[in-house]
There are 2 protein chains.
Amino acid sequence: MIRKGFQVAARLGYHRVLPGTPRILPRLNTAAAFGSSTESLVSRFCQEKTNLKDYALPNASWCPDMLSLYQEFVEKTKADGWIKLPSFKSNRDHIQGLKLPSGLAVSSDKSDWRIFTRCIQVEGQGYEYVIFFHPSKKNSVCLFQPGPYLEGPPGFAHGGSLAAMMDETFSKTAYLAGEGLLTLSLNIRFKNLIPVGSLAVLNVDVEKIEDQKLYMSCITLSRDQQTVYAKSSGVFLQLQLEEESSQ
Amino acid sequence: MIRKGFQVAARLGYHRVLPGTPRILPRLNTAAAFGSSTESLVSRFCQEKTNLKDYALPNASWCPDMLSLYQEFVEKTKADGWIKLPSFKSNRDHIQGLKLPSGLAVSSDKSDWRIFTRCIQVEGQGYEYVIFFHPSKKNSVCLFQPGPYLEGPPGFAHGGSLAAMMDETFSKTAYLAGEGLLTLSLNIRFKNLIPVGSLAVLNVDVEKIEDQKLYMSCITLSRDQQTVYAKSSGVFLQLQLEEESSQ
């Protein structure tokens, strides 16, 4: 028999239920749930001192649109409360000192793990992107330039590469805005193709947080905002990361 | 003013409309539309003689589940009408001798273009997959093994990597089943995380073809069919590829 319906339980392993049991969400200790402020999440995530390479910095492959909008947002980090998120090779680096909720088995071997959106390390060939986050507005902007390894139709970005960029931008926003950790759903309407090597701007808003879920929307536009590339929505499940020391 | 609503017109360039014009789909010459049989599409797509590397063949990184299910499907290609689709480095190789509809500008430079799902060429590190298609049933099965460069949560595949795999499987199915060429929408509900290095099986069905659109569904399961990883649906727009010689 196929297990149907949503099973965070099986997914997380620590509330395993029988097939067919209509269990929607894992039980939580509500007293302890989601007490972290956005400020503490941001300071935990955006460590200033680190020896890890930040991939979300300009390089020679960035097109003029990407560079100029990056500079605009860097200015906004000085005055308007925006934060530039660092982007390391692996999510394992982003959650240093923390671990996933109990029961989510983490492989401990020494493989060269990479977060999917940093899977290609040759500048300009794969994903070039940088995410800015505004803690009080709870929104994000991702500057995304797809390279020739992200092709779908000849000359244009694969729809799946944009889907992954959306999921990743949603993911970082969800975590910082409210400890959203796992994607529950992703709905995308594609409007126009993104030419390889050009800039697409993902504008993400947190619409609401309800019943352990964050509801977000995203509109992806050209630099001049005249072309809509896609509209999407995403729902993420809130789960708390744990301190390593509590092991 | 931002262009809203669906604009295949702007997307394809040859039916450009003014912003705000409620033009939903490009006009087609219905006499010429979609006359290709599935058989001719398959024979065009699955050229037997080619010097191109087929990436959809077993290698040392494939896990036992992937290898054994691959062998099962290879047997089905001999008796049950299934076809194993070749998978080249670029969609440009898949549509050799053909070109995109007029107006879809294709860059002609000599970059190292790669279809997104073949962006990582190191065996086992990125995407390992093979798609089997059944022409008369109009369904597909994709065997997908995510490598450590496709990571999201530590030890598990990034949701975006599965989204891209779905989009790609939908895409090939849509083309072969009815000249579906561009993704219009993609809706995904994630149920369980896929461990890196394990097999996920995407089962795609064409639900209907209506108003120049192909409606498809996909359920992604573990090898033993006991775990649902995700359910999704996709809608693709039908567009005819053109003969190069007609240029």
# chains A, B, ... in the order shown; residues from 1 in each chain; ligands from 1
$ residues_around --residues "Cys119 of chain B" --least-positions-apart "4" --cutoff "10 Å" --atoms "only C-alpha atoms" --output "short mmCIF file (atom, residue, chain, number, x, y, z; two decimals) with all heavy atoms, in the first residue's frame"
data_model
loop_
_atom_site.label_atom_id
_atom_site.label_comp_id
_atom_site.auth_asym_id
_atom_site.auth_seq_id
_atom_site.Cartn_x
_atom_site.Cartn_y
_atom_site.Cartn_z
N CYS A 119 26.06 24.30 -7.18
CA CYS A 119 26.65 23.03 -7.64
C CYS A 119 27.72 23.25 -8.69
O CYS A 119 28.61 22.41 -8.85
CB CYS A 119 25.57 22.09 -8.17
SG CYS A 119 24.70 22.69 -9.65
N ILE A 120 27.66 24.36 -9.41
CA ILE A 120 28.64 24.62 -10.48
C ILE A 120 29.52 25.78 -10.02
O ILE A 120 29.03 26.88 -9.79
CB ILE A 120 27.92 25.01 -11.79
CG1 ILE A 120 27.04 23.85 -12.24
CG2 ILE A 120 28.93 25.38 -12.88
CD1 ILE A 120 25.90 24.28 -13.13
N GLN A 125 29.08 30.15 -15.42
CA GLN A 125 28.55 29.02 -16.19
C GLN A 125 27.23 28.51 -15.62
O GLN A 125 26.41 27.97 -16.36
CB GLN A 125 29.56 27.87 -16.23
CG GLN A 125 30.83 28.15 -17.00
CD GLN A 125 30.56 28.50 -18.45
OE1 GLN A 125 30.54 29.67 -18.83
NE2 GLN A 125 30.32 27.51 -19.28
N GLY A 126 27.07 28.61 -14.30
CA GLY A 126 25.88 28.03 -13.67
C GLY A 126 25.02 29.11 -13.03
O GLY A 126 24.54 30.02 -13.70
N PRO A 148 25.17 29.33 -19.08
CA PRO A 148 24.87 28.37 -20.15
C PRO A 148 24.73 26.91 -19.71
O PRO A 148 24.25 26.09 -20.48
CB PRO A 148 26.05 28.53 -21.12
CG PRO A 148 27.11 29.24 -20.36
CD PRO A 148 26.44 30.04 -19.29
N TYR A 149 25.11 26.60 -18.46
CA TYR A 149 24.88 25.23 -17.97
C TYR A 149 23.46 25.08 -17.41
O TYR A 149 23.09 23.99 -16.96
CB TYR A 149 25.87 24.87 -16.86
CG TYR A 149 27.30 24.65 -17.31
CD1 TYR A 149 27.70 24.89 -18.62
CD2 TYR A 149 28.26 24.18 -16.41
CE1 TYR A 149 29.01 24.69 -19.01
CE2 TYR A 149 29.57 23.98 -16.81
CZ TYR A 149 29.94 24.24 -18.09
OH TYR A 149 31.24 24.03 -18.48
N LEU A 150 22.71 26.15 -17.42
CA LEU A 150 21.34 26.11 -16.88
C LEU A 150 20.32 26.16 -18.01
O LEU A 150 19.15 26.51 -17.80
CB LEU A 150 21.10 27.29 -15.92
CG LEU A 150 21.40 27.07 -14.43
CD1 LEU A 150 22.81 26.55 -14.22
CD2 LEU A 150 21.19 28.33 -13.61
N GLU A 151 20.75 25.75 -19.18
CA GLU A 151 19.89 25.92 -20.36
C GLU A 151 18.73 24.93 -20.40
O GLU A 151 18.83 23.79 -19.94
CB GLU A 151 20.75 25.74 -21.62
CG GLU A 151 20.12 26.35 -22.86
CD GLU A 151 20.96 26.14 -24.11
OE1 GLU A 151 21.42 24.99 -24.35
OE2 GLU A 151 21.17 27.10 -24.86
N LYS B 89 24.00 16.12 -24.00
CA LYS B 89 24.48 17.21 -23.15
C LYS B 89 23.62 18.46 -23.27
O LYS B 89 23.49 19.23 -22.31
CB LYS B 89 25.93 17.55 -23.52
CG LYS B 89 26.66 18.41 -22.52
CD LYS B 89 28.06 18.77 -22.99
CE LYS B 89 28.03 19.89 -24.02
NZ LYS B 89 29.36 20.48 -24.28
N SER B 90 23.03 18.65 -24.44
CA SER B 90 22.27 19.89 -24.67
C SER B 90 21.00 19.59 -25.44
O SER B 90 20.96 18.68 -26.28
CB SER B 90 23.14 20.87 -25.46
OG SER B 90 22.34 21.93 -25.98
N TRP B 113 27.19 25.02 -23.97
CA TRP B 113 25.82 24.96 -23.49
C TRP B 113 25.51 23.58 -22.92
O TRP B 113 25.91 22.57 -23.49
CB TRP B 113 24.85 25.23 -24.64
CG TRP B 113 25.03 26.55 -25.30
CD1 TRP B 113 25.77 26.79 -26.42
CD2 TRP B 113 24.50 27.81 -24.88
NE1 TRP B 113 25.70 28.13 -26.74
CE2 TRP B 113 24.93 28.78 -25.80
CE3 TRP B 113 23.68 28.21 -23.81
CZ2 TRP B 113 24.59 30.13 -25.70
CZ3 TRP B 113 23.35 29.55 -23.71
CH2 TRP B 113 23.81 30.49 -24.64
N ARG B 114 24.80 23.54 -21.84
CA ARG B 114 24.36 22.25 -21.28
C ARG B 114 22.91 22.34 -20.85
O ARG B 114 22.50 23.35 -20.27
CB ARG B 114 25.19 21.88 -20.05
CG ARG B 114 26.64 21.63 -20.36
CD ARG B 114 27.37 21.12 -19.12
NE ARG B 114 28.81 21.16 -19.35
CZ ARG B 114 29.73 20.96 -18.41
NH1 ARG B 114 29.35 20.72 -17.17
NH2 ARG B 114 31.01 21.00 -18.69
N ILE B 115 22.17 21.26 -21.11
CA ILE B 115 20.84 21.21 -20.52
C ILE B 115 21.02 21.14 -19.01
O ILE B 115 21.92 20.44 -18.50
CB ILE B 115 20.01 20.04 -21.07
CG1 ILE B 115 18.59 20.11 -20.54
CG2 ILE B 115 20.65 18.69 -20.76
CD1 ILE B 115 17.63 19.17 -21.24
N GLY B 126 26.04 14.71 -9.46
CA GLY B 126 24.89 15.58 -9.72
C GLY B 126 23.65 14.78 -10.04
O GLY B 126 23.17 14.00 -9.21
N TYR B 127 23.13 15.02 -11.23
CA TYR B 127 21.95 14.29 -11.70
C TYR B 127 22.36 12.98 -12.33
O TYR B 127 23.13 12.95 -13.28
CB TYR B 127 21.21 15.10 -12.77
CG TYR B 127 20.28 16.16 -12.24
CD1 TYR B 127 20.68 17.48 -12.17
CD2 TYR B 127 19.00 15.84 -11.83
CE1 TYR B 127 19.81 18.47 -11.69
CE2 TYR B 127 18.13 16.81 -11.35
CZ TYR B 127 18.55 18.12 -11.28
OH TYR B 127 17.69 19.08 -10.81
#
$ residues_around --residues "Ala174 of chain B" --least-positions-apart "6" --cutoff "12 Å" --atoms "only C-alpha atoms" --output "MDAnalysis selection string"
chainID B and resid 38 41:42 133 135 138:140 166:168 180:184 204:209 212:217 234:240
$ write_last_selection --atoms "N, CA and C atoms" --output "JSON list (two decimals), in the first residue's frame"
[["chain", "number", "residue", "atom", "x", "y", "z"],
["B", 38, "THR", "N", 3.00, 10.57, -32.80],
["B", 38, "THR", "CA", 3.94, 10.25, -31.72],
["B", 38, "THR", "C", 5.11, 9.43, -32.27],
["B", 41, "LEU", "N", 7.59, 11.68, -33.94],
["B", 41, "LEU", "CA", 8.30, 12.48, -32.94],
["B", 41, "LEU", "C", 9.35, 11.62, -32.23],
["B", 42, "VAL", "N", 8.96, 10.38, -31.92],
["B", 42, "VAL", "CA", 9.89, 9.49, -31.23],
["B", 42, "VAL", "C", 11.08, 9.17, -32.14],
["B", 133, "PHE", "N", 9.81, 6.02, -21.98],
["B", 133, "PHE", "CA", 8.54, 6.60, -22.47],
["B", 133, "PHE", "C", 7.74, 5.51, -23.16],
["B", 135, "PRO", "N", 4.92, 5.22, -25.92],
["B", 135, "PRO", "CA", 4.20, 6.05, -26.90],
["B", 135, "PRO", "C", 2.69, 5.86, -26.89],
["B", 138, "LYS", "N", 1.24, 6.98, -23.57],
["B", 138, "LYS", "CA", 1.62, 8.38, -23.32],
["B", 138, "LYS", "C", 1.99, 8.62, -21.86],
["B", 139, "ASN", "N", 2.78, 7.73, -21.33],
["B", 139, "ASN", "CA", 3.33, 8.00, -20.00],
["B", 139, "ASN", "C", 4.83, 7.75, -19.96],
["B", 140, "SER", "N", 5.45, 8.23, -18.90],
["B", 140, "SER", "CA", 6.90, 8.14, -18.75],
["B", 140, "SER", "C", 7.26, 7.72, -17.34],
["B", 166, "MET", "N", 11.40, 17.03, -12.38],
["B", 166, "MET", "CA", 10.00, 16.92, -12.82],
["B", 166, "MET", "C", 9.79, 17.71, -14.10],
["B", 167, "ASP", "N", 10.26, 18.95, -14.10],
["B", 167, "ASP", "CA", 10.06, 19.81, -15.27],
["B", 167, "ASP", "C", 10.69, 19.16, -16.51],
["B", 168, "GLU", "N", 11.86, 18.59, -16.35],
["B", 168, "GLU", "CA", 12.55, 17.97, -17.48],
["B", 168, "GLU", "C", 11.80, 16.70, -17.95],
["B", 180, "GLY", "N", 4.51, 19.29, -27.02],
["B", 180, "GLY", "CA", 4.53, 20.27, -25.93],
["B", 180, "GLY", "C", 5.95, 20.78, -25.78],
["B", 181, "LEU", "N", 6.11, 22.10, -25.76],
["B", 181, "LEU", "CA", 7.47, 22.64, -25.84],
["B", 181, "LEU", "C", 7.85, 23.55, -24.69],
["B", 182, "LEU", "N", 6.89, 24.28, -24.14],
["B", 182, "LEU", "CA", 7.23, 25.26, -23.10],
["B", 182, "LEU", "C", 6.38, 25.03, -21.86],
["B", 183, "THR", "N", 7.02, 25.10, -20.70],
["B", 183, "THR", "CA", 6.29, 24.95, -19.43],
["B", 183, "THR", "C", 5.43, 26.18, -19.17],
["B", 184, "LEU", "N", 4.15, 25.95, -18.95],
["B", 184, "LEU", "CA", 3.27, 27.05, -18.55],
["B", 184, "LEU", "C", 3.13, 27.10, -17.03],
["B", 204, "VAL", "N", 5.05, 9.73, -14.74],
["B", 204, "VAL", "CA", 4.35, 10.84, -15.39],
["B", 204, "VAL", "C", 3.25, 10.33, -16.32],
["B", 205, "ASP", "N", 2.08, 10.92, -16.22],
["B", 205, "ASP", "CA", 0.97, 10.61, -17.13],
["B", 205, "ASP", "C", 0.49, 11.87, -17.83],
["B", 206, "VAL", "N", 0.15, 11.73, -19.12],
["B", 206, "VAL", "CA", -0.52, 12.83, -19.81],
["B", 206, "VAL", "C", -2.01, 12.68, -19.53],
["B", 207, "GLU", "N", -2.58, 13.67, -18.86],
["B", 207, "GLU", "CA", -4.00, 13.58, -18.48],
["B", 207, "GLU", "C", -4.91, 13.96, -19.63],
["B", 208, "LYS", "N", -4.57, 15.05, -20.30],
["B", 208, "LYS", "CA", -5.37, 15.46, -21.46],
["B", 208, "LYS", "C", -4.59, 16.46, -22.30],
["B", 209, "ILE", "N", -5.03, 16.61, -23.54],
["B", 209, "ILE", "CA", -4.46, 17.62, -24.44],
["B", 209, "ILE", "C", -5.63, 18.45, -24.93],
["B", 212, "GLN", "N", -4.35, 23.59, -27.18],
["B", 212, "GLN", "CA", -2.90, 23.74, -27.35],
["B", 212, "GLN", "C", -2.11, 23.49, -26.07],
["B", 213, "LYS", "N", -2.73, 22.85, -25.10],
["B", 213, "LYS", "CA", -2.00, 22.59, -23.85],
["B", 213, "LYS", "C", -2.04, 21.12, -23.49],
["B", 214, "LEU", "N", -0.92, 20.65, -22.96],
["B", 214, "LEU", "CA", -0.84, 19.29, -22.42],
["B", 214, "LEU", "C", -0.88, 19.36, -20.90],
["B", 215, "TYR", "N", -1.78, 18.60, -20.32],
["B", 215, "TYR", "CA", -1.91, 18.56, -18.85],
["B", 215, "TYR", "C", -1.33, 17.23, -18.37],
["B", 216, "MET", "N", -0.36, 17.32, -17.48],
["B", 216, "MET", "CA", 0.32, 16.11, -17.00],
["B", 216, "MET", "C", 0.35, 16.04, -15.47],
["B", 217, "SER", "N", 0.46, 14.80, -14.99],
["B", 217, "SER", "CA", 0.61, 14.62, -13.54],
["B", 217, "SER", "C", 1.83, 13.75, -13.28],
["B", 234, "GLY", "N", 1.83, 19.49, -14.23],
["B", 234, "GLY", "CA", 2.49, 20.44, -15.12],
["B", 234, "GLY", "C", 1.64, 20.67, -16.36],
["B", 235, "VAL", "N", 1.66, 21.89, -16.86],
["B", 235, "VAL", "CA", 0.96, 22.21, -18.10],
["B", 235, "VAL", "C", 1.97, 22.76, -19.09],
["B", 236, "PHE", "N", 1.95, 22.21, -20.30],
["B", 236, "PHE", "CA", 2.90, 22.62, -21.34],
["B", 236, "PHE", "C", 2.15, 23.16, -22.55],
["B", 237, "LEU", "N", 2.78, 24.10, -23.22],
["B", 237, "LEU", "CA", 2.20, 24.69, -24.43],
["B", 237, "LEU", "C", 2.71, 23.94, -25.66],
["B", 238, "GLN", "N", 1.78, 23.61, -26.54],
["B", 238, "GLN", "CA", 2.16, 22.97, -27.80],
["B", 238, "GLN", "C", 2.70, 24.01, -28.78],
["B", 239, "LEU", "N", 3.84, 23.73, -29.35],
["B", 239, "LEU", "CA", 4.43, 24.57, -30.40],
["B", 239, "LEU", "C", 5.22, 23.67, -31.33],
["B", 240, "GLN", "N", 5.13, 23.93, -32.62],
["B", 240, "GLN", "CA", 5.86, 23.05, -33.54],
["B", 240, "GLN", "C", 7.28, 23.52, -33.77]]
$ closest_residue --among "A:Leu241, A:Ile188, A:Val196, A:Ile219" --to "chain B" --atoms "only C-alpha atoms"
A:Ile188
$ select_by_dssp --residues "segment 77-187 of chain B" --states "strand (DSSP E or B)" --output "number ranges by chain"
B: 83-84, 98-99, 115, 127-134, 139-146, 151, 156-157, 180-187
$ residues_around --residues "Ser61 of chain B" --least-positions-apart "5" --cutoff "10 Å" --atoms "only C-alpha atoms" --output "number ranges by chain"
B: 66-67, 122-125, 128, 145, 147, 197
$ atom_distance --atom1 "atom CA of Glu179 of chain A" --atom2 "atom CA of Thr227 of chain B"
25.9 Å
$ closest_residue --among "A:Phe132, A:Trp82, A:Phe190, A:Phe116" --to "Met165 of chain A" --atoms "only C-alpha atoms"
A:Phe116
$ residues_around --residues "Ala56 of chain A" --least-positions-apart "3" --cutoff "8 Å" --atoms "only C-alpha atoms" --output "VMD selection string"
chain A and resid 85 to 87 128 to 131
$ closest_residue --among "B:Glu48, B:Asp211, B:Asp224, B:Glu39" --to "Ser136 of chain B" --atoms "only C-alpha atoms"
B:Glu39
$ residues_around --residues "Ile194 of chain A" --least-positions-apart "6" --cutoff "12 Å" --atoms "only C-alpha atoms" --output "ChimeraX atom specification"
/A:144-148,150-162,200-201,220-223,227-230 /B:10-12,104-105
$ select_by_dssp --residues "segment 97-242 of chain A" --states "helix (DSSP H, G or I)" --output "ChimeraX atom specification"
/A:116-118,148-150,159-178
$ write_last_selection --atoms "C-alpha atoms" --output "tab-separated table (two decimals), in the first residue's frame"
chain	number	residue	atom	x	y	z
A	116	PHE	CA	22.21	22.59	-5.33
A	117	THR	CA	22.25	26.26	-6.34
A	118	ARG	CA	26.04	26.33	-5.86
A	148	PRO	CA	24.87	28.37	-20.15
A	149	TYR	CA	24.88	25.23	-17.97
A	150	LEU	CA	21.34	26.11	-16.88
A	159	GLY	CA	12.26	26.26	-16.20
A	160	GLY	CA	13.63	23.92	-13.55
A	161	SER	CA	16.60	26.19	-12.88
A	162	LEU	CA	14.24	29.06	-12.09
A	163	ALA	CA	12.08	26.73	-9.98
A	164	ALA	CA	15.15	25.79	-7.93
A	165	MET	CA	16.19	29.44	-7.57
A	166	MET	CA	12.68	30.24	-6.31
A	167	ASP	CA	12.76	27.34	-3.87
A	168	GLU	CA	16.15	28.44	-2.56
A	169	THR	CA	15.10	32.09	-2.17
A	170	PHE	CA	11.88	31.02	-0.48
A	171	SER	CA	13.91	28.72	1.74
A	172	LYS	CA	16.34	31.34	3.03
A	173	THR	CA	13.50	33.86	3.47
A	174	ALA	CA	11.35	31.34	5.31
A	175	TYR	CA	14.15	30.46	7.69
A	176	LEU	CA	15.04	34.05	8.52
A	177	ALA	CA	11.44	35.29	8.69
A	178	GLY	CA	10.17	32.48	10.89
$ atom_distance --atom1 "atom CA of Arg44 of chain B" --atom2 "atom CA of Lys137 of chain B"
18.8 Å
$ decode --residues "segment 150-167 of chain A" --atoms "N, CA, C and O atoms" --output "compact mmCIF listing (two decimals), in the first residue's frame"
# COMPACT_ATOMS: atom_id res chain seq x y z
N LEU A 150 22.71 26.15 -17.42
CA LEU A 150 21.34 26.11 -16.88
C LEU A 150 20.32 26.16 -18.01
O LEU A 150 19.15 26.51 -17.80
N GLU A 151 20.75 25.75 -19.18
CA GLU A 151 19.89 25.92 -20.36
C GLU A 151 18.73 24.93 -20.40
O GLU A 151 18.83 23.79 -19.94
N GLY A 152 17.62 25.39 -20.97
CA GLY A 152 16.49 24.52 -21.31
C GLY A 152 16.30 24.66 -22.81
O GLY A 152 17.05 24.10 -23.59
N PRO A 153 15.31 25.48 -23.25
CA PRO A 153 15.24 25.79 -24.68
C PRO A 153 16.53 26.51 -25.09
O PRO A 153 17.05 27.32 -24.31
N PRO A 154 17.06 26.22 -26.28
CA PRO A 154 18.33 26.85 -26.67
C PRO A 154 18.36 28.36 -26.47
O PRO A 154 17.50 29.08 -26.99
N GLY A 155 19.34 28.81 -25.67
CA GLY A 155 19.48 30.24 -25.42
C GLY A 155 18.75 30.75 -24.20
O GLY A 155 18.93 31.91 -23.81
N PHE A 156 17.93 29.90 -23.58
CA PHE A 156 17.13 30.35 -22.43
C PHE A 156 17.31 29.44 -21.22
O PHE A 156 17.63 28.25 -21.37
N ALA A 157 17.06 29.99 -20.05
CA ALA A 157 17.17 29.20 -18.81
C ALA A 157 16.11 28.10 -18.76
O ALA A 157 14.96 28.32 -19.17
N HIS A 158 16.50 26.95 -18.26
CA HIS A 158 15.58 25.83 -18.02
C HIS A 158 14.55 26.27 -16.97
O HIS A 158 14.93 26.88 -15.97
N GLY A 159 13.29 25.94 -17.20
CA GLY A 159 12.26 26.26 -16.20
C GLY A 159 12.62 25.71 -14.83
O GLY A 159 12.38 26.35 -13.81
N GLY A 160 13.24 24.54 -14.82
CA GLY A 160 13.63 23.92 -13.55
C GLY A 160 14.70 24.70 -12.81
O GLY A 160 14.76 24.67 -11.58
N SER A 161 15.55 25.41 -13.55
CA SER A 161 16.60 26.19 -12.88
C SER A 161 15.98 27.39 -12.17
O SER A 161 16.43 27.78 -11.08
N LEU A 162 14.95 27.96 -12.77
CA LEU A 162 14.24 29.06 -12.09
C LEU A 162 13.43 28.52 -10.91
O LEU A 162 13.41 29.13 -9.83
N ALA A 163 12.82 27.35 -11.09
CA ALA A 163 12.08 26.73 -9.98
C ALA A 163 12.99 26.52 -8.77
O ALA A 163 12.61 26.81 -7.63
N ALA A 164 14.20 26.04 -9.03
CA ALA A 164 15.15 25.79 -7.93
C ALA A 164 15.60 27.11 -7.29
O ALA A 164 15.77 27.19 -6.07
N MET A 165 15.79 28.13 -8.12
CA MET A 165 16.19 29.44 -7.57
C MET A 165 15.08 30.00 -6.69
O MET A 165 15.35 30.58 -5.63
N MET A 166 13.82 29.81 -7.14
CA MET A 166 12.68 30.24 -6.31
C MET A 166 12.66 29.48 -4.99
O MET A 166 12.51 30.07 -3.92
N ASP A 167 12.81 28.16 -5.08
CA ASP A 167 12.76 27.34 -3.87
C ASP A 167 13.85 27.76 -2.89
O ASP A 167 13.62 27.86 -1.68
